[in-house]
Amino acid sequence: MNDDARPAPEPQDLPPHGGAADEAARQDPSRRSVLWTTAGVAGAGLGLGALGTGSASATEATAPQALSAAEAAAAAPARQGRTMAGVRFEGRSTIRVGIVGLGNRGGSMIDLFLAVPGVQVKAVCDPVRDKAEKAAAKVTAAGQPAPTVYAKGEDDYENLCKRGDLDFVYVATPWELHFPMAKAAMLNGKHVGVECPIAMRLEELWQLVDLSERTRRHCMQLENCCYGKNEMRVLRMAHAGLFGDLLHGAGAYNHDLRELMFDPDYYEGPWRRLWHTRLRGDLYPNHGFGPVANYMDVNRGDRAVSITSIGTPALSLAEYRKEHMPAGDPSWKESYIGADRTISLVQTAKGRVIRLEHDVSSPHPYSRINSLGGTRGVFEDYPERIYLEPTNTNHRWDDFKKYAEWDHWLWKEHANPPGGHGGMDYMMIFRLMQCMRLGLVPDFDVYDAATWTAPVPLSHLSIKAKGAPLPIPDFTRGEWRKARSGMDSEKPAE
């Protein structure tokens, strides 16, 4: 175990005082710049519209143009460091955490960090000082020393990341800030975990992969749905062969957010709604993609190789605004182009198919679909049900509760976890902090983060190219061919 009193080590691959300016100088300005999802397709002549214009009148991309741009962006650049696949954390008796973003998500997740043994919250950051101070009060109420508060403007997170007494930075901010914050954390020698999605452009995903490999710091998409009870049970059953050879899966984020997106108090400003004026594709693929990718060992023996996406008209947000928002509300200046429902098909190297859906704009009950099928049967969630041969032969769904013996050890050890989303949030934080304390390999890494987020830019471009199939980058640069551990972990000896 490392000495907990020591400051975080400087990354050996970088200059002692490396920062964002040094990093920018090292980047080839032309590399990976062909695909900008929120500002059009730079250098490809596809005219996908400018950031924040709210216009749906941009010229459509042809399939050959889209394919050419995506192929250029998918081509793996030369590795600048060493792979992070299978790399262990250093191991510490106490994990010192800094939290950036203390709105709805960060303000609730701090409770879970404080509930996990061996975790100390050393710093909190939010440009809204009241939110940061409320979070700091939670830390002292939990019996820990008062954390340092960073609330001096939008860029104060950089000062938090420069601290020498942090091991891990947690980011829960609007999506456009995820990339620069993850980048700042790694450049300052910190492991970083980011809420979904981890970035919004393929260029940014490649930069995070390169930075993680060079700095030797883990950069993780904190995908809580991978830790759902049903998801972890299906994962273990799939790996035990109960579904036979896997053939197909499906995942989604179908969640009616219209009321919340127009609520001036729920989100800090209209940032989430504004993404529907910028992109047509799947804005939030991770909740559906992550669990199914785990079932199929994507990046651990298989990989996602292509995606094709289609989308419905964008009607529901404007209709909701017409019915609920007063004349003169700022939202009346917005033009929505994001499809009400996006459907994507992902093909893997082994020929499997993953269906992804995204719909936060139209009325329907919550569903992540969470389905898996193979040569011996199928599971479907919402509601949960299963059909497996040879047990089931009557063409009727069976009760998934019969398979409780396959629950992951985390759910057997923590039967009633605290926190929201049915306990999956706590499971995620507990397991991540456990891996850091014991010096274990994390359950997922930067390659998973990049893969699970790649549908954001690629679905947008595929829809604009009328469903053209586009390549998904191999962010592992060939490491996916090697079987390795992931979410289906063994209980470690404490």
# chains A, B, ... in the order shown; residues from 1 in each chain; ligands from 1
$ select_by_dssp --residues "segment 81-118 of chain A" --states "helix (DSSP H, G or I)" --output "list of chain:residue names"
A:Asn104, A:Arg105, A:Gly106, A:Gly107, A:Ser108, A:Met109, A:Ile110, A:Asp111, A:Leu112, A:Phe113, A:Leu114, A:Ala115
$ residues_around --residues "Asp443 of chain A" --least-positions-apart "5" --cutoff "10 Å" --atoms "only C-alpha atoms" --output "list of chain:residue names"
A:Gly86, A:Met220, A:Cys226, A:Asn294, A:Met428, A:Arg431, A:Leu432, A:Cys435, A:Asp448, A:Ser485, A:Gly486, A:Met487, A:Asp488, A:Ser489
$ write_last_selection --atoms "N, CA, C and O atoms" --output "PDB file, in the first residue's frame"
ATOM      1  N   GLY A  86      -6.171  -4.065 -17.948  1.00  0.00           N
ATOM      2  CA  GLY A  86      -5.613  -4.923 -16.908  1.00  0.00           C
ATOM      3  C   GLY A  86      -4.686  -4.232 -15.935  1.00  0.00           C
ATOM      4  O   GLY A  86      -4.031  -4.900 -15.128  1.00  0.00           O
ATOM      5  N   MET A 220     -12.717   6.576 -16.208  1.00  0.00           N
ATOM      6  CA  MET A 220     -13.834   5.625 -16.232  1.00  0.00           C
ATOM      7  C   MET A 220     -15.176   6.302 -16.418  1.00  0.00           C
ATOM      8  O   MET A 220     -15.429   7.360 -15.843  1.00  0.00           O
ATOM      9  N   CYS A 226     -24.727  -0.770 -15.012  1.00  0.00           N
ATOM     10  CA  CYS A 226     -23.978  -2.030 -15.045  1.00  0.00           C
ATOM     11  C   CYS A 226     -24.042  -2.748 -13.701  1.00  0.00           C
ATOM     12  O   CYS A 226     -23.820  -3.961 -13.630  1.00  0.00           O
ATOM     13  N   ASN A 294     -21.179  -5.682 -21.546  1.00  0.00           N
ATOM     14  CA  ASN A 294     -20.594  -6.566 -20.537  1.00  0.00           C
ATOM     15  C   ASN A 294     -21.026  -8.013 -20.735  1.00  0.00           C
ATOM     16  O   ASN A 294     -20.219  -8.941 -20.611  1.00  0.00           O
ATOM     17  N   MET A 428     -21.901   0.718  -7.324  1.00  0.00           N
ATOM     18  CA  MET A 428     -20.852   1.230  -8.206  1.00  0.00           C
ATOM     19  C   MET A 428     -19.758   1.929  -7.415  1.00  0.00           C
ATOM     20  O   MET A 428     -18.562   1.671  -7.619  1.00  0.00           O
ATOM     21  N   ARG A 431     -17.806  -0.588  -5.080  1.00  0.00           N
ATOM     22  CA  ARG A 431     -16.886  -1.450  -5.816  1.00  0.00           C
ATOM     23  C   ARG A 431     -15.687  -0.661  -6.345  1.00  0.00           C
ATOM     24  O   ARG A 431     -14.540  -1.140  -6.260  1.00  0.00           O
ATOM     25  N   LEU A 432     -15.905   0.530  -6.869  1.00  0.00           N
ATOM     26  CA  LEU A 432     -14.795   1.328  -7.372  1.00  0.00           C
ATOM     27  C   LEU A 432     -13.824   1.676  -6.252  1.00  0.00           C
ATOM     28  O   LEU A 432     -12.600   1.548  -6.404  1.00  0.00           O
ATOM     29  N   CYS A 435     -11.840  -1.385  -5.280  1.00  0.00           N
ATOM     30  CA  CYS A 435     -10.745  -1.660  -6.224  1.00  0.00           C
ATOM     31  C   CYS A 435      -9.564  -0.728  -5.989  1.00  0.00           C
ATOM     32  O   CYS A 435      -8.401  -1.145  -6.060  1.00  0.00           O
ATOM     33  N   ASP A 448     -13.742   1.046 -22.390  1.00  0.00           N
ATOM     34  CA  ASP A 448     -15.187   0.874 -22.248  1.00  0.00           C
ATOM     35  C   ASP A 448     -15.892   2.220 -22.301  1.00  0.00           C
ATOM     36  O   ASP A 448     -16.939   2.362 -22.944  1.00  0.00           O
ATOM     37  N   SER A 485     -10.538  -9.849 -17.298  1.00  0.00           N
ATOM     38  CA  SER A 485     -11.601  -9.676 -16.329  1.00  0.00           C
ATOM     39  C   SER A 485     -12.391  -8.396 -16.583  1.00  0.00           C
ATOM     40  O   SER A 485     -11.915  -7.467 -17.230  1.00  0.00           O
ATOM     41  N   GLY A 486     -13.619  -8.367 -16.079  1.00  0.00           N
ATOM     42  CA  GLY A 486     -14.467  -7.192 -16.202  1.00  0.00           C
ATOM     43  C   GLY A 486     -15.434  -7.129 -15.038  1.00  0.00           C
ATOM     44  O   GLY A 486     -15.061  -7.338 -13.876  1.00  0.00           O
ATOM     45  N   MET A 487     -16.688  -6.890 -15.347  1.00  0.00           N
ATOM     46  CA  MET A 487     -17.700  -6.746 -14.298  1.00  0.00           C
ATOM     47  C   MET A 487     -17.964  -8.020 -13.524  1.00  0.00           C
ATOM     48  O   MET A 487     -18.353  -7.987 -12.359  1.00  0.00           O
ATOM     49  N   ASP A 488     -17.806  -9.167 -14.164  1.00  0.00           N
ATOM     50  CA  ASP A 488     -18.104 -10.450 -13.513  1.00  0.00           C
ATOM     51  C   ASP A 488     -16.923 -10.845 -12.634  1.00  0.00           C
ATOM     52  O   ASP A 488     -16.173 -11.767 -12.918  1.00  0.00           O
ATOM     53  N   SER A 489     -16.792 -10.149 -11.505  1.00  0.00           N
ATOM     54  CA  SER A 489     -15.606 -10.284 -10.644  1.00  0.00           C
ATOM     55  C   SER A 489     -15.812 -11.298  -9.542  1.00  0.00           C
ATOM     56  O   SER A 489     -16.928 -11.650  -9.189  1.00  0.00           O
TER      57      SER A 489
END
$ residues_around --residues "segment 333-345 of chain A" --least-positions-apart "5" --cutoff "8 Å" --atoms "only C-alpha atoms" --output "ChimeraX atom specification"
/A:54-56,274-282,307-318,353-362,459
$ closest_residue --among "A:Met433, A:Leu112, A:Asn188, A:Ala327" --to "Arg96 of chain A" --atoms "only C-alpha atoms"
A:Met433
$ residues_around --residues "Tyr447 of chain A" --least-positions-apart "6" --cutoff "7 Å" --atoms "only C-alpha atoms" --output "ChimeraX atom specification"
/A:209,475-476
$ residues_around --residues "segment 247-264 of chain A" --least-positions-apart "3" --cutoff "9 Å" --atoms "only C-alpha atoms" --output "VMD selection string"
chain A and resid 244 267 to 273 284 to 293 295 to 296 316 to 317 320 to 321 324 to 325 331 341 351 to 375 380
$ atom_distance --atom1 "atom CA of Asp399 of chain A" --atom2 "atom CA of Tyr387 of chain A"
8.6 Å
$ closest_residue --among "A:Pro455, A:Lys350, A:Ala450, A:Lys322" --to "Phe179 of chain A" --atoms "only C-alpha atoms"
A:Ala450
$ closest_residue --among "A:Ala240, A:Ala76, A:Val169, A:Leu283" --to "Asp474 of chain A" --atoms "only C-alpha atoms"
A:Ala76
$ atom_distance --atom1 "atom CA of Lys401 of chain A" --atom2 "atom CA of Asn230 of chain A"
9.7 Å
